[in-house]
>>> print(open('final_18.csv').read())   # CSV, C-alpha atoms and all ligand atoms
chain,number,residue,atom,x,y,z
L,107,MET,CA,83.8,81.4,111.3
L,108,CYS,CA,85.4,81.4,107.9
L,109,GLN,CA,88.7,79.6,108.1
L,110,GLN,CA,91.6,81.1,106.3
L,111,PRO,CA,93.4,78.5,104.1
L,112,SER,CA,96.7,77.4,105.4
L,113,VAL,CA,99.4,79.1,103.4
L,114,PRO,CA,102.8,77.5,102.7
L,115,LEU,CA,106.0,79.4,103.7
L,116,ILE,CA,106.8,82.0,101.0
L,117,LYS,CA,110.4,81.6,100.1
L,118,GLU,CA,110.7,84.3,97.3
L,119,HIS,CA,112.2,87.7,98.0
L,120,ILE,CA,109.4,90.3,97.8
L,121,VAL,CA,110.2,94.0,97.2
L,122,PHE,CA,107.5,96.5,98.0
L,123,TYR,CA,108.1,99.5,95.7
L,124,GLY,CA,106.1,102.1,97.7
L,125,ALA,CA,106.1,101.8,101.5
L,126,GLY,CA,102.9,103.5,102.6
L,127,SER,CA,99.7,102.4,104.4
L,128,MET,CA,98.8,99.6,102.0
L,129,ALA,CA,102.3,98.1,101.7
L,130,GLU,CA,102.6,98.2,105.5
L,131,ALA,CA,99.2,96.5,105.9
L,132,ILE,CA,100.3,93.6,103.7
L,133,VAL,CA,103.8,93.3,105.3
L,134,ARG,CA,102.4,93.5,108.8
L,135,GLY,CA,99.8,90.8,108.1
L,136,MET,CA,102.3,88.5,106.4
L,137,ILE,CA,104.8,88.8,109.3
L,138,ALA,CA,102.1,88.3,111.9
L,139,ARG,CA,101.0,85.1,110.2
L,140,ASN,CA,104.6,83.9,110.0
L,141,VAL,CA,104.3,83.1,106.3
L,142,ILE,CA,107.6,84.8,105.3
L,143,ALA,CA,110.9,85.6,107.0
L,144,SER,CA,111.1,89.3,107.6
L,145,ASP,CA,114.5,89.5,105.8
L,146,SER,CA,112.8,88.2,102.7
L,147,ILE,CA,111.0,91.5,102.4
L,148,THR,CA,112.5,94.7,101.2
L,149,MET,CA,110.6,98.0,101.3
L,150,LEU,CA,111.5,100.9,99.1
L,151,ASN,CA,109.9,104.3,98.6
L,152,ARG,CA,110.6,107.5,96.7
L,153,SER,CA,112.6,109.5,99.3
L,154,SER,CA,111.5,109.1,102.9
L,155,SER,CA,114.4,107.5,104.7
L,156,GLU,CA,112.7,108.1,108.1
L,157,ARG,CA,109.8,106.0,107.0
L,158,LEU,CA,112.1,103.1,105.9
L,159,ALA,CA,113.9,103.3,109.2
L,160,GLU,CA,110.6,103.0,111.0
L,161,LEU,CA,109.6,100.0,108.9
L,162,ARG,CA,113.0,98.3,109.4
L,163,SER,CA,112.8,98.6,113.1
L,164,ARG,CA,109.1,97.7,113.4
L,165,TYR,CA,109.2,94.6,111.2
L,166,GLY,CA,112.8,93.6,110.7
L,167,VAL,CA,112.4,94.1,106.9
L,168,GLN,CA,115.2,95.5,104.7
L,169,GLY,CA,115.0,98.8,103.0
L,170,SER,CA,117.3,101.5,101.5
L,171,ASN,CA,117.1,104.8,99.8
L,172,ASP,CA,120.6,104.7,98.3
L,173,ALA,CA,120.0,105.0,94.5
L,174,GLN,CA,122.6,102.4,93.6
L,175,GLN,CA,121.3,99.9,96.1
L,176,LYS,CA,117.7,100.6,95.1
L,177,SER,CA,118.5,99.7,91.5
L,178,GLU,CA,120.3,96.5,92.6
L,179,ILE,CA,117.4,95.5,94.8
L,180,LEU,CA,114.9,96.0,92.1
L,181,LYS,CA,117.1,94.2,89.5
L,182,ASN,CA,117.3,91.1,91.7
L,183,ALA,CA,113.8,91.0,93.1
L,184,GLN,CA,111.7,87.9,92.3
L,185,VAL,CA,108.5,89.8,93.0
L,186,ILE,CA,108.0,93.6,92.9
L,187,VAL,CA,104.8,94.9,94.5
L,188,LEU,CA,103.9,98.3,93.1
L,189,ALA,CA,102.4,100.3,96.0
L,190,MET,CA,102.6,103.9,95.1
L,191,LYS,CA,99.7,106.3,94.4
L,192,PRO,CA,98.4,106.2,90.8
L,193,LYS,CA,99.7,109.8,90.2
L,194,ASP,CA,103.2,108.5,90.9
L,195,ALA,CA,103.0,105.3,89.0
L,196,ALA,CA,104.1,106.5,85.5
L,197,GLU,CA,107.4,108.0,86.7
L,198,ALA,CA,108.1,104.9,88.9
L,199,LEU,CA,107.3,102.5,86.1
L,200,ARG,CA,109.4,104.3,83.6
L,201,GLY,CA,112.4,104.3,86.0
L,202,LEU,CA,111.8,100.6,86.7
L,203,ALA,CA,111.6,99.5,83.0
L,204,PRO,CA,115.4,99.3,82.3
L,205,LEU,CA,116.1,97.3,85.4
L,206,LEU,CA,113.7,94.4,84.8
L,207,GLN,CA,114.3,90.8,83.7
L,208,PRO,CA,111.6,89.0,81.7
L,209,ASP,CA,110.7,86.6,84.5
L,210,GLN,CA,110.3,89.1,87.4
L,211,LEU,CA,106.7,89.1,88.6
L,212,ILE,CA,105.0,92.5,88.9
L,213,VAL,CA,102.2,92.7,91.5
L,214,SER,CA,100.2,96.0,91.5
L,215,VAL,CA,97.9,97.2,94.2
L,216,ILE,CA,97.4,100.5,92.5
L,217,ALA,CA,93.8,101.6,92.1
L,218,GLY,CA,92.6,101.9,88.5
L,219,LEU,CA,95.9,101.1,86.8
L,220,THR,CA,95.3,98.5,84.1
L,221,ILE,CA,97.6,95.6,83.2
L,222,ARG,CA,97.8,97.1,79.7
L,223,THR,CA,99.0,100.5,81.1
L,224,ILE,CA,101.5,98.8,83.4
L,225,GLN,CA,103.0,96.7,80.5
L,226,GLY,CA,102.9,99.8,78.2
L,227,LEU,CA,104.8,101.9,80.7
L,228,LEU,CA,107.3,99.1,81.3
L,229,GLY,CA,107.6,98.5,77.6
L,230,THR,CA,107.8,94.7,78.1
L,231,PRO,CA,105.2,91.9,78.3
L,232,GLN,CA,106.1,91.4,82.0
L,233,PRO,CA,103.9,89.0,83.9
L,234,VAL,CA,101.6,91.3,85.8
L,235,ILE,CA,99.2,90.6,88.6
L,236,ARG,CA,96.7,93.3,89.2
L,237,THR,CA,95.2,93.3,92.7
L,238,MET,CA,93.0,95.4,94.9
L,239,PRO,CA,93.6,94.6,98.6
L,240,ASN,CA,92.3,96.5,101.6
L,241,THR,CA,93.9,97.7,104.8
L,242,SER,CA,92.2,95.0,106.9
L,243,SER,CA,95.1,92.8,105.6
L,244,THR,CA,96.9,94.2,108.6
L,245,ILE,CA,95.0,91.8,110.9
L,246,GLY,CA,94.6,89.0,108.5
L,247,LEU,CA,91.0,90.0,107.6
L,248,GLY,CA,91.8,91.6,104.2
L,249,ALA,CA,89.8,91.0,101.0
L,250,THR,CA,91.8,91.1,97.8
L,251,GLY,CA,90.6,91.0,94.2
L,252,ILE,CA,93.1,89.5,91.8
L,253,ALA,CA,93.4,89.5,88.0
L,254,PHE,CA,96.3,87.9,86.0
L,255,SER,CA,97.9,89.0,82.8
L,256,LYS,CA,98.2,86.1,80.3
L,257,GLU,CA,102.0,86.0,80.9
L,258,VAL,CA,101.6,84.9,84.5
L,259,GLY,CA,102.3,81.1,84.8
L,260,GLU,CA,101.0,78.7,87.4
L,261,ALA,CA,103.9,79.4,89.8
L,262,GLY,CA,103.2,83.1,89.7
L,263,ARG,CA,99.5,82.6,90.2
L,264,ARG,CA,100.1,80.4,93.2
L,265,LEU,CA,102.6,82.8,94.7
L,266,ALA,CA,100.3,85.8,94.4
L,267,LEU,CA,97.4,83.8,95.9
L,268,ASN,CA,99.8,82.7,98.8
L,269,ILE,CA,100.7,86.3,99.5
L,270,PHE,CA,97.1,87.6,99.7
L,271,GLU,CA,95.6,84.5,101.2
L,272,SER,CA,98.1,84.9,104.0
L,273,VAL,CA,96.4,88.2,104.9
L,274,GLY,CA,92.7,87.4,104.3
L,275,ILE,CA,90.4,86.2,101.6
L,276,THR,CA,91.0,86.4,97.8
L,277,SER,CA,88.7,86.6,94.8
L,278,VAL,CA,90.1,86.0,91.3
L,279,ILE,CA,88.1,88.1,88.9
L,280,GLU,CA,88.1,89.4,85.3
L,281,GLU,CA,90.1,92.6,85.2
L,282,GLU,CA,87.0,94.5,83.9
L,283,ARG,CA,85.4,94.0,87.3
L,284,MET,CA,88.3,95.4,89.4
L,285,GLU,CA,86.8,98.9,89.7
L,286,THR,CA,83.5,97.6,91.0
L,287,LEU,CA,85.5,95.4,93.5
L,288,THR,CA,87.4,98.5,94.5
L,289,GLY,CA,84.1,100.2,95.3
L,290,ILE,CA,83.0,97.3,97.5
L,291,SER,CA,86.1,96.0,99.3
L,292,GLY,CA,89.1,98.2,98.5
L,293,SER,CA,87.4,101.4,99.8
L,294,GLY,CA,84.6,99.6,101.7
L,295,PRO,CA,86.3,99.7,105.1
L,296,ALA,CA,86.2,103.5,104.9
L,297,TYR,CA,82.4,103.5,104.5
L,298,ILE,CA,82.0,101.3,107.5
L,299,TYR,CA,84.4,103.5,109.5
L,300,TYR,CA,82.3,106.5,108.5
L,301,MET,CA,79.1,104.8,109.6
L,302,MET,CA,80.9,104.0,112.9
L,303,GLU,CA,82.0,107.7,113.3
L,304,ALA,CA,78.4,108.8,112.9
L,305,MET,CA,77.0,106.1,115.3
L,306,THR,CA,79.6,107.0,117.9
L,307,ALA,CA,78.9,110.7,117.6
L,308,ALA,CA,75.2,110.0,118.1
L,309,GLY,CA,75.9,108.1,121.2
L,310,ILE,CA,78.0,110.9,122.6
L,311,ARG,CA,75.4,113.5,121.8
L,312,GLY,CA,72.9,111.2,123.6
L,313,GLY,CA,75.0,111.3,126.8
L,314,LEU,CA,77.1,108.1,126.5
L,315,THR,CA,80.8,108.5,127.2
L,316,PRO,CA,83.0,108.4,124.1
L,317,GLU,CA,84.5,105.1,125.3
L,318,GLN,CA,81.1,103.5,125.8
L,319,SER,CA,79.8,104.8,122.5
L,320,LEU,CA,82.8,103.5,120.6
L,321,GLU,CA,82.8,100.1,122.3
L,322,LEU,CA,79.1,99.6,121.7
L,323,THR,CA,79.4,100.7,118.1
L,324,VAL,CA,82.4,98.4,117.5
L,325,GLN,CA,80.7,95.4,119.0
L,326,SER,CA,77.5,96.0,117.0
L,327,VAL,CA,79.5,96.2,113.7
L,328,LEU,CA,81.5,93.1,114.6
L,329,GLY,CA,78.5,91.2,115.8
L,330,ALA,CA,76.5,92.1,112.6
L,331,ALA,CA,79.3,91.0,110.3
L,332,ARG,CA,79.9,87.8,112.2
L,333,MET,CA,76.1,87.0,112.2
L,334,VAL,CA,76.0,87.2,108.4
L,335,GLN,CA,79.1,85.0,108.2
L,336,GLN,CA,78.2,82.4,110.7
L,337,THR,CA,74.4,82.1,110.2
L,338,GLY,CA,74.7,82.2,106.4
L,339,GLU,CA,71.5,84.3,106.4
L,340,ASP,CA,71.0,87.3,104.1
L,341,PRO,CA,71.7,90.7,105.6
L,342,ALA,CA,68.1,91.6,104.7
L,343,ALA,CA,66.7,88.7,106.6
L,344,LEU,CA,68.9,89.5,109.7
L,345,ARG,CA,67.8,93.1,109.5
L,346,LYS,CA,64.2,92.1,109.6
L,347,LYS,CA,64.8,90.1,112.8
L,348,VAL,CA,66.0,93.3,114.5
L,349,THR,CA,63.1,95.4,113.1
L,350,SER,CA,59.9,95.0,115.1
L,351,PRO,CA,56.8,96.3,113.3
L,352,ASN,CA,56.3,99.9,114.2
L,353,GLY,CA,59.2,99.7,116.6
L,354,SER,CA,62.3,101.8,117.2
L,355,THR,CA,64.5,100.1,114.5
L,356,GLN,CA,61.8,100.6,111.9
L,357,ALA,CA,61.7,104.3,112.8
L,358,ALA,CA,65.5,104.5,112.4
L,359,ILE,CA,65.5,102.7,109.0
L,360,GLU,CA,62.7,105.0,107.8
L,361,THR,CA,64.9,107.9,108.7
L,362,LEU,CA,67.8,106.4,106.8
L,363,ASP,CA,65.5,105.9,103.8
L,364,LYS,CA,64.5,109.6,103.9
L,365,GLY,CA,68.1,110.2,103.2
L,366,ASP,CA,67.9,107.6,100.4
L,367,PHE,CA,70.5,105.5,102.3
L,368,PHE,CA,70.4,102.4,100.1
L,369,GLU,CA,70.7,104.2,96.8
L,370,THR,CA,73.3,106.6,98.2
L,371,VAL,CA,75.5,103.7,99.2
L,372,ILE,CA,75.1,102.3,95.7
L,373,ALA,CA,76.0,105.7,94.2
L,374,ALA,CA,79.0,105.9,96.4
L,375,VAL,CA,80.3,102.5,95.2
L,376,ASN,CA,79.7,103.5,91.6
L,377,ARG,CA,81.5,106.8,92.0
L,378,CYS,CA,84.4,105.0,93.7
L,379,ALA,CA,84.6,102.7,90.7
L,380,GLU,CA,84.4,105.6,88.3
L,381,ARG,CA,87.1,107.6,90.1
L,382,SER,CA,89.3,104.5,90.0
L,383,ARG,CA,88.8,104.4,86.2
L,384,GLU,CA,89.6,108.2,86.0
L,385,MET,CA,92.8,107.7,87.9
L,386,GLY,CA,93.8,104.8,85.7
L,387,ALA,CA,93.0,106.8,82.6
L,388,ALA,CA,95.2,109.7,83.8
L,389,VAL,CA,98.1,107.3,84.0
L,390,GLU,CA,97.3,105.8,80.7
L,391,LYS,CA,97.6,109.2,79.1
L,392,GLU,CA,101.3,109.2,80.2
L,393,LEU,CA,101.8,106.3,77.8
L,394,PHE,CA,101.2,108.5,74.9
L,395,LYS,CA,103.3,111.5,76.2
L,396,ASN,CA,106.4,112.2,74.1
L,397,GLN,CA,105.3,109.8,71.4
M,401,LIG,N1,95.2,102.7,101.4
M,401,LIG,C1,94.3,101.8,101.0
M,401,LIG,O1,93.3,101.5,101.7
M,401,LIG,C2,94.5,101.1,99.7
M,401,LIG,C3,95.4,101.6,98.8
M,401,LIG,N2,95.5,100.9,97.6
M,401,LIG,C4,96.5,101.4,96.6
M,401,LIG,O2,97.8,101.4,97.2
M,401,LIG,C5,98.6,102.4,96.6
M,401,LIG,C6,99.4,103.1,97.8
M,401,LIG,O3,98.4,103.7,98.6
M,401,LIG,P1,98.8,104.1,100.1
M,401,LIG,O4,99.6,103.0,100.7
M,401,LIG,O5,97.5,104.4,100.8
M,401,LIG,O6,99.7,105.4,99.8
M,401,LIG,P2,100.7,106.1,100.7
M,401,LIG,O7,100.7,107.5,100.4
M,401,LIG,O8,100.5,105.7,102.1
M,401,LIG,O9,102.1,105.5,100.2
M,401,LIG,C7,102.6,105.7,99.0
M,401,LIG,C8,104.1,105.2,98.9
M,401,LIG,O10,104.5,105.3,97.6
M,401,LIG,C9,105.9,105.8,97.6
M,401,LIG,N3,106.2,106.4,96.3
M,401,LIG,C10,105.8,107.5,95.7
M,401,LIG,N4,106.4,107.7,94.5
M,401,LIG,C11,107.2,106.7,94.3
M,401,LIG,C12,108.1,106.3,93.3
M,401,LIG,N5,108.3,107.1,92.2
M,401,LIG,N6,108.9,105.2,93.5
M,401,LIG,C13,108.8,104.5,94.6
M,401,LIG,N7,107.9,104.8,95.6
M,401,LIG,C14,107.1,105.9,95.5
M,401,LIG,C15,105.8,106.9,98.7
M,401,LIG,O11,107.2,107.2,99.1
M,401,LIG,P3,107.6,108.6,99.8
M,401,LIG,O12,106.8,108.6,101.0
M,401,LIG,O13,109.1,108.5,99.9
M,401,LIG,O14,107.1,109.6,98.8
M,401,LIG,C16,105.0,106.0,99.7
M,401,LIG,O15,105.9,105.1,100.4
M,401,LIG,C17,97.7,103.3,95.9
M,401,LIG,O16,97.9,103.1,94.5
M,401,LIG,C18,96.3,102.9,96.2
M,401,LIG,O17,95.4,103.0,95.1
M,401,LIG,C19,94.8,99.8,97.3
M,401,LIG,C20,93.9,99.3,98.2
M,401,LIG,C21,93.6,99.9,99.5
M,402,LIG,O1,91.4,105.8,98.0
M,402,LIG,C1,92.1,105.2,97.2
M,402,LIG,O2,92.4,105.7,96.1
M,402,LIG,C2,92.6,103.8,97.6
M,402,LIG,C3,92.1,102.8,96.7
M,402,LIG,C4,91.3,101.8,97.5
M,402,LIG,C5,91.3,102.3,98.8
M,402,LIG,N1,92.0,103.4,98.9
>>> encode(input="final_18.csv", output="C-alpha cells")
Amino acid sequence: MCQQPSVPLIKEHIVFYGAGSMAEAIVRGMIARNVIASDSITMLNRSSSERLAELRSRYGVQGSNDAQQKSEILKNAQVIVLAMKPKDAAEALRGLAPLLQPDQLIVSVIAGLTIRTIQGLLGTPQPVIRTMPNTSSTIGLGATGIAFSKEVGEAGRRLALNIFESVGITSVIEEERMETLTGISGSGPAYIYYMMEAMTAAGIRGGLTPEQSLELTVQSVLGAARMVQQTGEDPAALRKKVTSPNGSTQAAIETLDKGDFFETVIAAVNRCAERSREMGAAVEKELFKNQ
C-alpha cells in the first residue's frame, strides 16, 4: 500500500472561510490524523450559524458569525482557506481585501478560480496557493493538486504541503493543468460513485438484496483500486486478466463500448475542465465590473 508521508504537527492557526462539504472534509481528515489541535482551526461561513454550531460540536473547532469577530479572526489568521463556491468568491474576496496583511497566506480550493483573479480581487500581491482537493480527504485518502503563486516562500509551500499531505496525496503542478486535474481527481470520486450506483442498481434488478449488491460493488471497486496500487500493473493489463476470450466480461465490455464508454469518460473529464474554466471566467469578469 502507498504510505502517506509523516506530517509534522501544524502549529499555524488556519481559518476556513467557507464551511461546507470540502472545508469539513479537510478539517475532519486533519483532526482524525492528529496533525493539528482542533482549537487551531476556525471555520467561518456567510450566514449559517447552525452549521457553525454543528462543526464546533463535531470537531471542537472555533467559529463565529458575529461580524466584528469574523473581521478580527480574518485579520489575525496566518492561513485563510477560501472554501466558498465560485459564484460567491468575488463578494467574499472583496470583503476580505481590506482586512489582509501582506504575509497572510491565502489557500484556495475553489474550482476554476485563478491565482491572477484572486490577487486581482484582493488588490494585493498576496501569497496564494491554488489547490484542488477532493472529498476523500475526509478519510485521509484525498488527492490534491497544488500550484503556488510566485509570492509564496518556502515556509508557505511546506505548510500547504503539510496540510494536504495530512489528508492524502499531493501533486504540485503548473497552474495551467489545474482544470484537467479537476476533471480527474477533484470531481473524479463522483464518477466512481455514479458507476457504483449503476452497478448496485443492476444487482438489485437481478435479485440481490440492496445490501448484498452495495457490499459486492464496494469491495470490487476497493479491490480494483488496490490491485492497481499494489501490483503496479496497468489498469489495462489487469482488465485483460479478468477478461476471458469470448467470456462474460468480454461481453460486458463490448456492451460498454457500444455506449462509447472510454471516449464518454474522456469527454466527461474534458467537460468538467471546461466548466471549471467557465466558472473561473465568470468570477474574473467581476474584476472588471465598476472599472
Ligand atoms: N465538494 C467537492 O467535492 C469539492 C469542492 N471544491 C471547491 O470547494 C468550494 C466549496 O465547495 P463545497 O464545500 O462543496 O460547497 P458548500 O456549498 O458545501 O459550502 C460553501 C460554503 O461557503 C460559504 N460561503 C458562501 N458565501 C460566502 C461568503 N461570502 N463568505 C464566506 N463564506 C461563504 C457557505 O456559507 P453559508 O452556508 O452560510 O452560505 C458554505 O459554508 C467550491 O469552490 C468548490 O469548487 C473543490 C474540490 C472538491
Ligand atoms: O462540482 C464542483 O464544482 C466541485 C469542484 C470539484 C468537485 N466539486
>>> atom_distance(input="final_18.csv", atom1="atom N7 of ligand LIG 401 (chain M)", atom2="CA of Glu282 in chain L")
26.1 Å
>>> residues_near_point(input="final_18.csv", point="(106.4, 88.8, 93.7)", cutoff="7 Å", atoms="only C-alpha atoms", output="ChimeraX atom specification")
/L:120,184-187,211-213,266
>>> residues_around(input="final_18.csv", residues="Asp194 in chain L", least_positions_apart="6", cutoff="12 Å", atoms="all atoms listed in the file", output="PDB file with C-alpha atoms, in the frame of the given file")
ATOM      1  CA  TYR L 123     108.100  99.500  95.700  1.00  0.00           C
ATOM      2  CA  GLY L 124     106.100 102.100  97.700  1.00  0.00           C
ATOM      3  CA  ASN L 151     109.900 104.300  98.600  1.00  0.00           C
ATOM      4  CA  ARG L 152     110.600 107.500  96.700  1.00  0.00           C
ATOM      5  CA  LEU L 188     103.900  98.300  93.100  1.00  0.00           C
ATOM      6  CA  ARG L 200     109.400 104.300  83.600  1.00  0.00           C
ATOM      7  CA  GLY L 201     112.400 104.300  86.000  1.00  0.00           C
ATOM      8  CA  ILE L 216      97.400 100.500  92.500  1.00  0.00           C
ATOM      9  CA  ALA L 217      93.800 101.600  92.100  1.00  0.00           C
ATOM     10  CA  LEU L 219      95.900 101.100  86.800  1.00  0.00           C
ATOM     11  CA  MET L 385      92.800 107.700  87.900  1.00  0.00           C
ATOM     12  CA  GLY L 386      93.800 104.800  85.700  1.00  0.00           C
ATOM     13  CA  ALA L 388      95.200 109.700  83.800  1.00  0.00           C
ATOM     14  CA  VAL L 389      98.100 107.300  84.000  1.00  0.00           C
ATOM     15  CA  GLU L 392     101.300 109.200  80.200  1.00  0.00           C
TER      16      GLU L 392
END
>>> atom_distance(input="final_18.csv", atom1="CA of Ser255 in chain L", atom2="CA of Pro233 in chain L")
6.1 Å
>>> residues_around(input="final_18.csv", residues="His119 in chain L", least_positions_apart="3", cutoff="10 Å", atoms="all atoms listed in the file", output="list in words")
Ile116, Phe122, Ile142, Ala143, Ser144, Asp145, Ser146, Ile147, Thr148, Ile179, Asn182, Ala183, Gln184, Val185 and Ile186 of chain L
>>> closest_atom_pairs(input="final_18.csv", of="chain L", to="ligand LIG 401 (chain M)", cutoff="7 Å", atoms="all atoms listed in the file", output="CSV")
residue,atom,partner,partner_atom,distance
L:Tyr123,CA,M:LIG401,C13,5.2
L:Gly124,CA,M:LIG401,O10,3.6
L:Ala125,CA,M:LIG401,O15,3.5
L:Gly126,CA,M:LIG401,O9,3.2
L:Ser127,CA,M:LIG401,O4,3.7
L:Met128,CA,M:LIG401,O4,3.7
L:Ala129,CA,M:LIG401,O4,5.7
L:Leu150,CA,M:LIG401,N7,6.4
L:Asn151,CA,M:LIG401,N7,3.6
L:Arg152,CA,M:LIG401,O13,3.7
L:Ser153,CA,M:LIG401,O13,3.7
L:Ser154,CA,M:LIG401,O13,3.9
L:Ala189,CA,M:LIG401,C5,4.4
L:Met190,CA,M:LIG401,O10,3.4
L:Lys191,CA,M:LIG401,O16,3.7
L:Pro192,CA,M:LIG401,O16,4.9
L:Asp194,CA,M:LIG401,N4,4.9
L:Ala195,CA,M:LIG401,N5,6.4
L:Glu197,CA,M:LIG401,N5,5.6
L:Ala198,CA,M:LIG401,N5,4.0
L:Val215,CA,M:LIG401,C4,5.0
L:Ile216,CA,M:LIG401,O16,3.3
L:Ala217,CA,M:LIG401,O17,3.7
L:Met238,CA,M:LIG401,C20,5.2
L:Pro239,CA,M:LIG401,C20,4.7
L:Asn240,CA,M:LIG401,C21,4.2
L:Thr241,CA,M:LIG401,O1,4.9
L:Gly292,CA,M:LIG401,C21,4.9
L:Ser293,CA,M:LIG401,O1,6.2
>>> residues_around(input="final_18.csv", residues="Ser242 in chain L", least_positions_apart="4", cutoff="10 Å", atoms="all atoms listed in the file", output="list in words")
Met128, Ala131, Ile132, Gly135, Gly246, Leu247, Gly248, Ala249, Thr250, Val273, Gly274, Ser291, Gly292 and Pro295 of chain L
>>> closest_residue(input="final_18.csv", among="L:Thr361, L:Thr288, L:Thr223, L:Gln336", to="ligand LIG 402 (chain M)", atoms="all atoms listed in the file")
L:Thr288
>>> atom_distance(input="final_18.csv", atom1="CA of Ile245 in chain L", atom2="CA of Arg139 in chain L")
9.0 Å
>>> closest_residue(input="final_18.csv", among="L:Gln325, L:Ser112, L:Thr286, L:Asn140", to="ligand LIG 402 (chain M)", atoms="only C-alpha atoms and all ligand atoms")
L:Thr286
>>> closest_residue(input="final_18.csv", among="L:Glu360, L:Glu260, L:Glu317, L:Glu285", to="ligand LIG 402 (chain M)", atoms="only C-alpha atoms and all ligand atoms")
L:Glu285
>>> closest_residue(input="final_18.csv", among="L:Gly289, L:Gly251, L:Gly262, L:Gly166", to="ligand LIG 402 (chain M)", atoms="only C-alpha atoms and all ligand atoms")
L:Gly289
>>> closest_residue(input="final_18.csv", among="L:Arg222, L:Lys117, L:Lys193, L:Arg283", to="Val141 in chain L", atoms="all atoms listed in the file")
L:Lys117
>>> closest_residue(input="final_18.csv", among="L:Ser177, L:Gln335, L:Gln168, L:Ser214", to="Leu202 in chain L", atoms="all atoms listed in the file")
L:Ser177
>>> residues_around(input="final_18.csv", residues="Phe254 in chain L", least_positions_apart="6", cutoff="10 Å", atoms="all atoms listed in the file", output="number ranges by chain")
L: 213, 221, 233-237, 262-263, 266, 278-281
>>> residues_near_point(input="final_18.csv", point="(107.1, 91.5, 77.6)", cutoff="12 Å", atoms="only C-alpha atoms", output="VMD selection string")
chain L and resid 203 206 to 212 221 to 222 224 to 234 255 to 258
